Each structure stands twice: as C-alpha cells, then as structure tokens.
$ cat model21.txt   # compact mmCIF, C-alpha atoms and all ligand atoms
# COMPACT_ATOMS: atom_id res chain seq x y z
CA MET A 65 74.85 105.58 79.88
CA ILE A 66 77.51 103.80 77.88
CA VAL A 67 80.26 101.37 78.81
CA ARG A 68 83.54 101.66 76.95
CA GLU A 69 87.17 100.65 77.34
CA TYR A 70 89.29 102.70 79.72
CA CYS A 71 91.85 105.05 78.16
CA PRO A 72 94.81 106.73 79.95
CA GLY A 73 93.05 110.13 79.82
CA ASP A 74 90.44 108.74 82.27
CA SER A 75 93.05 108.18 84.95
CA ASP A 76 92.47 111.26 87.18
CA ARG A 77 88.68 110.98 87.17
CA ILE A 78 88.67 107.20 87.73
CA TYR A 79 91.27 107.46 90.48
CA GLY A 80 89.03 109.99 92.22
CA ILE A 81 86.08 107.56 92.09
CA ILE A 82 88.27 104.73 93.43
CA CYS A 83 89.67 106.79 96.31
CA SER A 84 86.24 107.95 97.40
CA SER A 85 84.66 104.47 97.06
CA LEU A 86 87.14 101.86 98.30
CA ASP A 87 88.65 101.31 101.76
CA GLU A 88 92.04 100.19 100.51
CA THR A 89 94.68 102.72 99.40
CA TYR A 90 95.88 102.30 95.83
CA LYS A 91 98.51 104.18 93.85
CA GLN A 92 97.24 105.87 90.71
CA GLU A 93 99.92 103.99 88.72
CA LEU A 94 97.94 100.81 89.34
CA LEU A 95 95.50 101.98 86.65
CA SER A 96 98.25 102.12 84.00
CA TYR A 97 99.60 98.77 85.12
CA LEU A 98 96.22 97.06 84.83
CA TYR A 99 95.54 98.77 81.51
CA LEU A 100 98.85 97.59 80.02
CA GLN A 101 98.25 94.11 81.32
CA TRP A 102 94.76 93.71 79.78
CA PRO A 103 93.17 96.76 78.04
CA LYS A 104 89.93 94.89 77.31
CA GLY A 105 89.44 94.19 81.01
CA GLN A 106 89.35 97.89 82.00
CA LEU A 107 85.85 99.32 81.58
CA VAL A 108 84.45 102.79 82.20
CA ALA A 109 80.76 103.67 82.50
CA CYS A 110 79.97 107.20 81.28
CA ASP A 111 76.86 109.29 81.72
CA PHE A 112 75.18 110.95 78.75
CA SER A 113 77.56 113.91 78.91
CA GLY A 114 80.51 111.51 78.60
CA ARG A 115 81.61 111.93 82.21
CA PRO A 116 82.96 108.69 83.77
CA VAL A 117 80.76 107.55 86.67
CA GLY A 118 81.97 103.99 87.25
CA PHE A 119 84.90 101.68 86.66
CA LEU A 120 85.57 97.95 86.54
CA SER A 121 89.09 96.59 86.32
CA ALA A 122 89.98 92.96 85.82
CA SER A 123 93.15 91.02 85.25
CA ARG A 124 93.75 87.73 83.49
CA ILE A 125 94.87 85.00 85.86
CA ASP A 126 95.14 82.49 83.01
CA ALA A 127 93.40 81.77 79.71
CA ALA A 128 90.20 80.67 81.43
CA HIS A 129 90.16 82.76 84.59
CA ALA A 130 89.64 86.50 85.13
CA ARG A 131 89.81 88.30 88.45
CA ILE A 132 87.94 91.52 89.19
CA MET A 133 90.46 93.83 90.86
CA LEU A 134 88.44 97.05 91.24
CA LEU A 135 84.77 97.93 90.89
CA ALA A 136 83.41 101.30 91.94
CA VAL A 137 80.51 103.57 91.05
CA ASP A 138 80.45 107.27 91.94
CA GLY A 139 78.77 107.69 95.33
CA ASP A 140 75.76 109.67 94.15
CA ARG A 141 75.19 107.44 91.10
CA ARG A 142 74.71 104.09 92.81
CA SER A 143 71.60 101.87 92.78
CA VAL A 144 70.49 102.82 89.29
CA GLY A 145 72.10 99.86 87.51
CA ILE A 146 75.56 101.25 86.58
CA GLY A 147 77.49 98.56 88.47
CA SER A 148 75.29 95.88 86.89
CA LYS A 149 75.85 97.31 83.45
CA LEU A 150 79.63 97.33 83.97
CA PHE A 151 79.59 93.78 85.27
CA THR A 152 77.31 92.46 82.49
CA HIS A 153 79.55 94.06 79.87
CA PHE A 154 82.64 92.54 81.49
CA ARG A 155 81.01 89.11 81.73
CA HIS A 156 80.41 89.24 77.98
CA ILE A 157 84.05 90.19 77.33
CA ALA A 158 85.29 87.33 79.51
CA LEU A 159 83.06 84.87 77.65
CA MET A 160 84.11 86.21 74.25
CA ASN A 161 87.74 85.70 75.31
CA GLY A 162 87.10 82.04 76.08
CA MET A 163 87.05 82.43 79.85
CA ASN A 164 84.77 80.41 82.10
CA HIS A 165 85.67 81.59 85.58
CA ILE A 166 85.61 84.99 87.34
CA SER A 167 86.79 85.48 90.91
CA LEU A 168 87.24 88.40 93.29
CA GLU A 169 87.73 89.25 96.94
CA VAL A 170 85.51 91.47 99.03
CA ARG A 171 85.14 92.40 102.68
CA PRO A 172 82.33 90.31 104.22
CA SER A 173 81.20 93.50 106.00
CA ASN A 174 80.62 95.21 102.63
CA MET A 175 77.10 93.87 102.39
CA ARG A 176 76.15 96.13 99.52
CA ALA A 177 78.92 94.67 97.35
CA VAL A 178 78.43 91.09 98.62
CA ASN A 179 74.71 91.28 97.76
CA PHE A 180 75.52 92.82 94.40
CA TYR A 181 77.85 89.96 93.46
CA ARG A 182 75.48 87.30 94.81
CA ARG A 183 72.71 88.72 92.68
CA HIS A 184 75.03 88.29 89.70
CA GLY A 185 75.56 84.61 90.52
CA PHE A 186 78.79 84.62 92.55
CA VAL A 187 79.19 82.12 95.38
CA ALA A 188 81.51 82.39 98.38
CA THR A 189 84.21 79.71 98.40
CA GLU A 190 86.63 80.69 101.18
CA VAL A 191 87.50 83.24 103.83
CA LEU A 192 90.96 84.82 103.58
CA ARG A 193 92.18 85.88 107.02
CA ASN A 194 94.10 89.19 107.37
CA TYR A 195 93.74 89.81 103.67
CA TYR A 196 93.54 93.61 103.75
CA ASN A 197 96.19 96.13 104.86
CA ASP A 198 94.23 96.91 108.03
CA GLY A 199 94.13 93.20 108.96
CA GLY A 200 90.55 92.74 107.79
CA ASP A 201 89.37 89.43 106.35
CA ALA A 202 88.15 88.92 102.78
CA VAL A 203 85.74 86.45 101.33
CA ARG A 204 86.57 85.00 97.92
CA LEU A 205 83.66 84.88 95.48
CA ASN A 206 83.60 82.76 92.34
CA LEU A 207 81.42 82.63 89.26
CA THR A 208 81.43 79.93 86.60
CA LEU A 209 80.46 81.30 83.21
CA GLN A 210 78.34 79.46 80.70
CA LEU A 211 77.73 80.48 77.14
CA ASN A 212 73.96 80.36 76.59
CA ILE A 213 73.48 79.69 72.89
C1 LIG A 301 79.04 97.63 94.68
C2 LIG A 301 78.74 98.75 93.67
C3 LIG A 301 79.83 98.76 92.62
C4 LIG A 301 77.39 98.45 93.00
O1 LIG A 301 77.17 99.46 92.01
P1 LIG A 301 75.71 100.02 91.68
O2 LIG A 301 75.80 100.86 90.48
O3 LIG A 301 75.13 100.64 92.90
O4 LIG A 301 74.97 98.65 91.35
P2 LIG A 301 73.49 98.46 90.76
O5 LIG A 301 72.78 99.76 90.73
O6 LIG A 301 73.62 97.70 89.51
O7 LIG A 301 72.84 97.54 91.83
C5 LIG A 301 72.78 97.98 93.21
C6 LIG A 301 71.36 98.09 93.73
O8 LIG A 301 70.55 98.93 92.92
C7 LIG A 301 69.34 98.22 92.55
N1 LIG A 301 69.05 98.67 91.20
C8 LIG A 301 69.67 98.33 90.08
N2 LIG A 301 69.10 98.94 89.02
C9 LIG A 301 68.10 99.70 89.52
C10 LIG A 301 67.16 100.59 88.94
N3 LIG A 301 67.11 100.81 87.61
N4 LIG A 301 66.29 101.23 89.76
C11 LIG A 301 66.35 101.03 91.08
N5 LIG A 301 67.20 100.19 91.69
C12 LIG A 301 68.07 99.54 90.92
C13 LIG A 301 69.72 96.80 92.60
O9 LIG A 301 68.60 95.95 92.82
C14 LIG A 301 70.63 96.81 93.79
O10 LIG A 301 69.87 96.82 94.97
P3 LIG A 301 70.48 96.35 96.37
O11 LIG A 301 71.87 96.93 96.51
O12 LIG A 301 69.53 96.86 97.36
O13 LIG A 301 70.53 94.86 96.31
C15 LIG A 301 78.64 100.13 94.36
O14 LIG A 301 77.78 100.02 95.46
C16 LIG A 301 79.97 100.70 94.82
O15 LIG A 301 80.68 101.37 94.09
N6 LIG A 301 80.30 100.45 96.11
C17 LIG A 301 81.54 100.98 96.70
C18 LIG A 301 82.74 100.27 96.16
C19 LIG A 301 82.70 98.79 96.45
O16 LIG A 301 82.31 98.36 97.52
N7 LIG A 301 83.13 98.00 95.44
C20 LIG A 301 83.20 96.57 95.52
C21 LIG A 301 84.42 96.17 96.25
S1 LIG A 301 84.91 94.56 95.75
$ encode --input "model21.txt" --output "structure tokens" --more "lines below"
Ligand SMILES: CC(C)(COP(=O)(O)OP(=O)(O)OC[C@H]1O[C@@H](n2cnc3c(N)ncnc32)[C@H](O)[C@@H]1OP(=O)(O)O)[C@@H](O)C(=O)NCCC(=O)NCCS
Amino acid sequence: MIVREYCPGDSDRIYGIICSSLDETYKQELLSYLYLQWPKGQLVACDFSGRPVGFLSASRIDAAHARIMLLAVDGDRRSVGIGSKLFTHFRHIALMNGMNHISLEVRPSNMRAVNFYRRHGFVATEVLRNYYNDGGDAVRLNLTLQLNI
C-alpha cells in the first residue's frame, strides 16, 4: 500500500468511497476545491494494484493550523492500518510545513472514528450543537504536533 498526493483523475473513485463511508452529503466539486486550496493536504492510499482505497483531505486554517475535512477508507478495507497510514503521512506533511496544530469534527456517535483519532493523540475540546445537516452534534478534536528530533 502506498500513500500519494491526490490528482484530479482520482475524483470519481474517491467520491465513491466518500459517499459510501460518510453520513453527510458532499458535492463532488468539493474535491477539486480542496485540491486547489492545498494540493499537499489531499492524500490517497492505493493498494498494490494502484487502486485508491482511502482518502484524507485537509485544509489550511492558517500557517500553523490544519483541519482534517474528510477521512474515509473503503468499507471492506478497514482495520488493516490504511487510515493510520494516511493520518501518519499527513501528520508528517503538516509538521514539514511548519504546522503545530490539527483539528477536526466528528460525530460523538461515530465511536470507530473517535477511537481512531484518540489513539492518534487527539483530545476532545468542545461539543458543537446542531453541527451537521441533520441537526446532529459534533465533537471537536485537537492535536498539538511536536517535532521529535
Ligand atoms: C475511521 C476510519 C477512517 C479508520 O480507518 P481504518 O483504515 O479502519 O483505520 P486503521 O485500520 O488504521 O485503524 C482501525 C482499527 O484497526 C486496527 N488495526 C490497525 N492496523 C491493524 C492491523 N495491521 N491488523 C489488525 N488490526 C489493525 C486498529 O487497532 C484499529 O482498531 P479499533 O478500531 O478497534 O480501535 C474508517 O473506519 C472509516 O473510513 N470510517 C468511515 C468514515 C469515517 O467515519 N470517517 C471519519 C469521519 S471524521
């Protein structure tokens, strides 16, 4: 499995993974928007045949702060480390770009994702009421990055 930067030709496959993985409805154009905003923050995990099986998208809030917008792994490819590999790769990119803070929002009921992020060091800082389109709450998770040299 390799992790590489997203390219526009991935759009259909990645959009399929997003639609089948996430509760919220997104337009496919969001992928181009996020890519134009920060190409380095759009990562695709591919299996050994080159087929995309996971995606992480982040945006730059400011010079020190990145926000994970989308993270999804193909349903039948979860729990074998692909999400961790995507996140670890992204963490490295954030650090190499001088960032020290990553944040994101997740549904508190999405225990699989909440546990995933906790395992990667995120801590919950606040609850955002009526955050999602269906009125559901979100919890904001934050991670402070440290360069271990
Ligand atoms: C959250 C998500 C991205 C995690 O991706 P993933 O590829 O399954 O993540 P990992 O495999 O790295 O880790 C998940 C689990 O697999 C386990 N795992 C990791 N590598 C493993 C390996 N080599 N062998 C066995 N188990 C392993 C981890 O311990 C972890 O266990 P847990 O969930 O019981 O705590 C994925 O579940 C997903 O796409 N969910 C739907 C979309 C979603 O909710 N996104 C987040 C919204 S903000």
$ residues_near_ligand --input "model21.txt" --ligand "ligand LIG 301 (chain A)" --cutoff "9 Å" --atoms "all atoms listed in the file" --output "compact mmCIF listing (two decimals) with C-alpha atoms, keeping the file's coordinate frame"
# COMPACT_ATOMS: atom_id res chain seq x y z
CA ILE A 81 86.08 107.56 92.09
CA ILE A 82 88.27 104.73 93.43
CA SER A 84 86.24 107.95 97.40
CA SER A 85 84.66 104.47 97.06
CA LEU A 86 87.14 101.86 98.30
CA ASP A 87 88.65 101.31 101.76
CA GLY A 118 81.97 103.99 87.25
CA PHE A 119 84.90 101.68 86.66
CA LEU A 120 85.57 97.95 86.54
CA ILE A 132 87.94 91.52 89.19
CA MET A 133 90.46 93.83 90.86
CA LEU A 134 88.44 97.05 91.24
CA LEU A 135 84.77 97.93 90.89
CA ALA A 136 83.41 101.30 91.94
CA VAL A 137 80.51 103.57 91.05
CA ASP A 138 80.45 107.27 91.94
CA GLY A 139 78.77 107.69 95.33
CA ARG A 141 75.19 107.44 91.10
CA ARG A 142 74.71 104.09 92.81
CA SER A 143 71.60 101.87 92.78
CA VAL A 144 70.49 102.82 89.29
CA GLY A 145 72.10 99.86 87.51
CA ILE A 146 75.56 101.25 86.58
CA GLY A 147 77.49 98.56 88.47
CA SER A 148 75.29 95.88 86.89
CA LYS A 149 75.85 97.31 83.45
CA LEU A 150 79.63 97.33 83.97
CA PHE A 151 79.59 93.78 85.27
CA LEU A 168 87.24 88.40 93.29
CA GLU A 169 87.73 89.25 96.94
CA VAL A 170 85.51 91.47 99.03
CA ARG A 171 85.14 92.40 102.68
CA ASN A 174 80.62 95.21 102.63
CA MET A 175 77.10 93.87 102.39
CA ARG A 176 76.15 96.13 99.52
CA ALA A 177 78.92 94.67 97.35
CA VAL A 178 78.43 91.09 98.62
CA ASN A 179 74.71 91.28 97.76
CA PHE A 180 75.52 92.82 94.40
CA TYR A 181 77.85 89.96 93.46
CA ARG A 183 72.71 88.72 92.68
$ residues_around --input "model21.txt" --residues "region 95-107 of chain A" --least-positions-apart "6" --cutoff "6 Å" --atoms "all atoms listed in the file" --output "ChimeraX atom specification"
/A:68-70,119-122
$ residues_around --input "model21.txt" --residues "Leu205 (chain A)" --least-positions-apart "5" --cutoff "6 Å" --atoms "only C-alpha atoms" --output "list in words"
Ser167, Leu168, Phe186, Val187, Ala188 and Thr189 of chain A
$ closest_residue --input "model21.txt" --among "A:Asp111, A:Asp126, A:Glu93, A:Glu88" --to "Tyr195 (chain A)" --atoms "only C-alpha atoms"
A:Glu88
$ residues_around --input "model21.txt" --residues "region 152-164 of chain A" --least-positions-apart "4" --cutoff "6 Å" --atoms "all atoms listed in the file" --output "list in words"
Ala128, His129, Ser148, Thr208 and Leu209 of chain A
$ write_last_selection --input "model21.txt" --atoms "C-alpha atoms" --output "CSV table (one decimal), in the coordinates of the input"
chain,number,residue,atom,x,y,z
A,128,ALA,CA,90.2,80.7,81.4
A,129,HIS,CA,90.2,82.8,84.6
A,148,SER,CA,75.3,95.9,86.9
A,208,THR,CA,81.4,79.9,86.6
A,209,LEU,CA,80.5,81.3,83.2
$ decode --input "model21.txt" --residues "region 101-129 of chain A" --atoms "N, CA and C atoms" --output "short mmCIF file (atom, residue, chain, number, x, y, z; two decimals), in the first residue's frame"
data_model
loop_
_atom_site.label_atom_id
_atom_site.label_comp_id
_atom_site.auth_asym_id
_atom_site.auth_seq_id
_atom_site.Cartn_x
_atom_site.Cartn_y
_atom_site.Cartn_z
N GLN A 101 -7.07 24.36 -3.16
CA GLN A 101 -6.73 25.13 -1.98
C GLN A 101 -5.41 24.67 -1.38
N TRP A 102 -5.18 23.35 -1.34
CA TRP A 102 -3.95 22.83 -0.72
C TRP A 102 -3.64 21.42 -1.27
N PRO A 103 -2.99 21.33 -2.43
CA PRO A 103 -2.72 20.01 -3.03
C PRO A 103 -2.01 19.04 -2.08
N LYS A 104 -1.07 19.54 -1.31
CA LYS A 104 -0.29 18.66 -0.42
C LYS A 104 -1.14 18.03 0.69
N GLY A 105 -2.30 18.66 0.96
CA GLY A 105 -3.15 18.16 2.04
C GLY A 105 -4.18 17.14 1.58
N GLN A 106 -4.10 16.71 0.31
CA GLN A 106 -5.07 15.75 -0.23
C GLN A 106 -4.32 14.44 -0.52
N LEU A 107 -4.59 13.43 0.28
CA LEU A 107 -3.80 12.19 0.19
C LEU A 107 -4.68 10.99 -0.15
N VAL A 108 -4.13 10.14 -1.02
CA VAL A 108 -4.84 8.94 -1.45
C VAL A 108 -4.00 7.72 -1.06
N ALA A 109 -4.64 6.72 -0.46
CA ALA A 109 -3.97 5.44 -0.20
C ALA A 109 -4.37 4.49 -1.31
N CYS A 110 -3.38 3.83 -1.92
CA CYS A 110 -3.65 2.90 -3.02
C CYS A 110 -3.18 1.50 -2.66
N ASP A 111 -3.92 0.50 -3.11
CA ASP A 111 -3.47 -0.87 -2.89
C ASP A 111 -2.37 -1.21 -3.90
N PHE A 112 -1.90 -2.44 -3.87
CA PHE A 112 -0.72 -2.77 -4.69
C PHE A 112 -1.02 -2.76 -6.19
N SER A 113 -2.31 -2.78 -6.55
CA SER A 113 -2.64 -2.67 -7.97
C SER A 113 -2.80 -1.21 -8.39
N GLY A 114 -2.65 -0.29 -7.43
CA GLY A 114 -2.78 1.14 -7.74
C GLY A 114 -4.17 1.68 -7.53
N ARG A 115 -5.09 0.82 -7.09
CA ARG A 115 -6.48 1.24 -6.91
C ARG A 115 -6.64 2.03 -5.61
N PRO A 116 -7.20 3.26 -5.65
CA PRO A 116 -7.41 4.02 -4.42
C PRO A 116 -8.35 3.30 -3.46
N VAL A 117 -7.95 3.22 -2.19
CA VAL A 117 -8.77 2.55 -1.18
C VAL A 117 -9.03 3.45 0.03
N GLY A 118 -8.45 4.64 0.04
CA GLY A 118 -8.69 5.54 1.17
C GLY A 118 -8.28 6.95 0.80
N PHE A 119 -8.80 7.91 1.56
CA PHE A 119 -8.59 9.32 1.22
C PHE A 119 -8.59 10.15 2.48
N LEU A 120 -7.66 11.08 2.55
CA LEU A 120 -7.65 12.08 3.63
C LEU A 120 -7.53 13.45 2.97
N SER A 121 -8.40 14.35 3.38
CA SER A 121 -8.38 15.71 2.85
C SER A 121 -8.29 16.69 4.01
N ALA A 122 -7.35 17.62 3.88
CA ALA A 122 -7.21 18.64 4.92
C ALA A 122 -7.12 20.01 4.28
N SER A 123 -7.50 21.01 5.05
CA SER A 123 -7.33 22.39 4.58
C SER A 123 -6.46 23.14 5.58
N ARG A 124 -5.89 24.23 5.09
CA ARG A 124 -5.04 25.07 5.95
C ARG A 124 -5.90 26.17 6.56
N ILE A 125 -5.99 26.17 7.87
CA ILE A 125 -6.73 27.24 8.54
C ILE A 125 -5.84 28.48 8.61
N ASP A 126 -4.60 28.28 9.03
CA ASP A 126 -3.60 29.35 8.98
C ASP A 126 -2.25 28.66 8.91
N ALA A 127 -1.17 29.43 9.04
CA ALA A 127 0.17 28.87 8.83
C ALA A 127 0.49 27.74 9.80
N ALA A 128 -0.14 27.73 10.96
CA ALA A 128 0.20 26.74 11.98
C ALA A 128 -0.88 25.68 12.20
N HIS A 129 -1.99 25.82 11.54
CA HIS A 129 -3.17 25.02 11.89
C HIS A 129 -3.80 24.37 10.66
#
